[in-house]
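Working notes, structure below.
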Amino acid sequence: MQDHKRYNDTHFLFQINSYSTIAWTASIHKGVQKGVEYSYPASSRAGKVFDFFTALGEVAFAYAGHNVVLEIQATIPSTKEKPSKKPMWKGVLVAYFVVALCYFPVALIGYRMFGNQVEDNILLSLEKPAWLIAAANMFVVIHVIGSYQVQFSLLIEIFSLFQPLLDQ
């Protein structure tokens with residue numbers, strides 16, 4: 001079971017690195033767009049405040065891994081002498097560091113190249129080459145499909161407890 005988890009971790013790391021590297025390297029290759037603007041899209045004070053809070057919400061929910069923390073912690077053995085809190089905290093810090101390392105270049109380079117006209121999905125801003133965008137989207141789809149194994153691992157574990165009752 002440990003080898004399977006290690007394979008999944010390596011697989012997920014490859015997927016996130018592939019997608020983000022494609023996004024920021026293709027953005028650099030495309031270069032700074034003509035007429036790029038770095039100003040706020042909103043002109044009124046209320047619009048700027050609304051955009052600020054929208055941005056805060058997007059940043060807060062951009063890291064989608066927060067919803068699987070409990071499922072992962074449930075798989076770590078925990079006793080009073082050796083609580084799962086310490087290895088879990090280390091794991092969370094490393095995970096968020098890797099995610100930040102992957103996505104900050106996408107955000108910074110994407111904003112530099114496209115300004116305030118960058119799409120929510122930077123691949124839409126790139127437009128070409130189509131095969132590269134398709135490859136990046138394929139990595140995202142594989143990553144999302146694979147993440148369901150983590151999302152539902154606790155549920156599968158609970159169902160496996162009832163399996164002997166069903167076999168009778």
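By order in the structure tokens, chains are A, B, ...; within a chain, residues start at 1; ligands start at 1, following the order shown.
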
Gly35 in chain A environment, 12 Å, only C-alpha atoms, sequence neighbours closer than 3 positions dropped, as a list in words: Val32, Tyr38, Ser39, Met113, Phe114, Gly115, Asn116 and Gln117 of chain A

Would you save the residues from that selection as a compact mmCIF listing (two decimals), in the first residue's frame, using C-alpha atoms?
```txt
# COMPACT_ATOMS: atom_id res chain seq x y z
CA VAL A 32 4.82 40.74 -23.46
CA TYR A 38 -1.19 46.74 -15.51
CA SER A 39 -3.80 49.11 -14.08
CA MET A 113 3.11 39.02 -20.16
CA PHE A 114 -0.66 39.63 -20.33
CA GLY A 115 -1.31 42.32 -17.70
CA ASN A 116 -4.85 42.73 -16.46
CA GLN A 117 -6.16 40.98 -19.59
```

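Of the residues listed (A:Phe162, A:Val59, A:Arg45, A:Lys34), A:Val59 shows the shortest atom-to-atom separation from Tyr103 in chain A; distances use only C-alpha atoms.
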
Pick from A:Ile28, A:Ser18, A:Lys80, A:Glu58, whichever lies nearest to Ala136 in chain A using only C-alpha atoms: A:Ser18

Residue set, chain A restricted to alpha helix (DSSP H), as a PyMOL selection string: chain A and resi 2-30+45-62+69-74+85-114+122-126+130-151+153-167

Å distance separating CA of Asn137 in chain A from CA of Leu123 in chain A, one decimal place: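 Atom-to-atom, CA of Asn137 in chain A and CA of Leu123 in chain A are spaced 8.4 Å apart.
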
Among the residues A:Leu56, A:Leu101, A:Val36, A:Leu166, the one that comes closest to Thr21 in chain A [using only C-alpha atoms]: A:Leu101

Residues near Ser20 in chain A, cut-off 12 Å, only C-alpha atoms, skip fewer than 6 positions along chain, as a list of chain:residue names: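 Using only C-alpha atoms, the neighbours found are A:Leu13, A:Phe14, A:Ala26, A:Ser27, A:Val98, A:Val99, A:Ala100, A:Leu101, A:Cys102, A:Tyr103, A:Phe104, A:Pro105, A:Val106, A:Ala107, A:Leu108, A:Ile109, A:Gly110, A:Asn121, A:Ile122, A:Leu123, A:Ile133, A:Ala135, A:Ala136, A:Asn137, A:Phe139, A:Val140.
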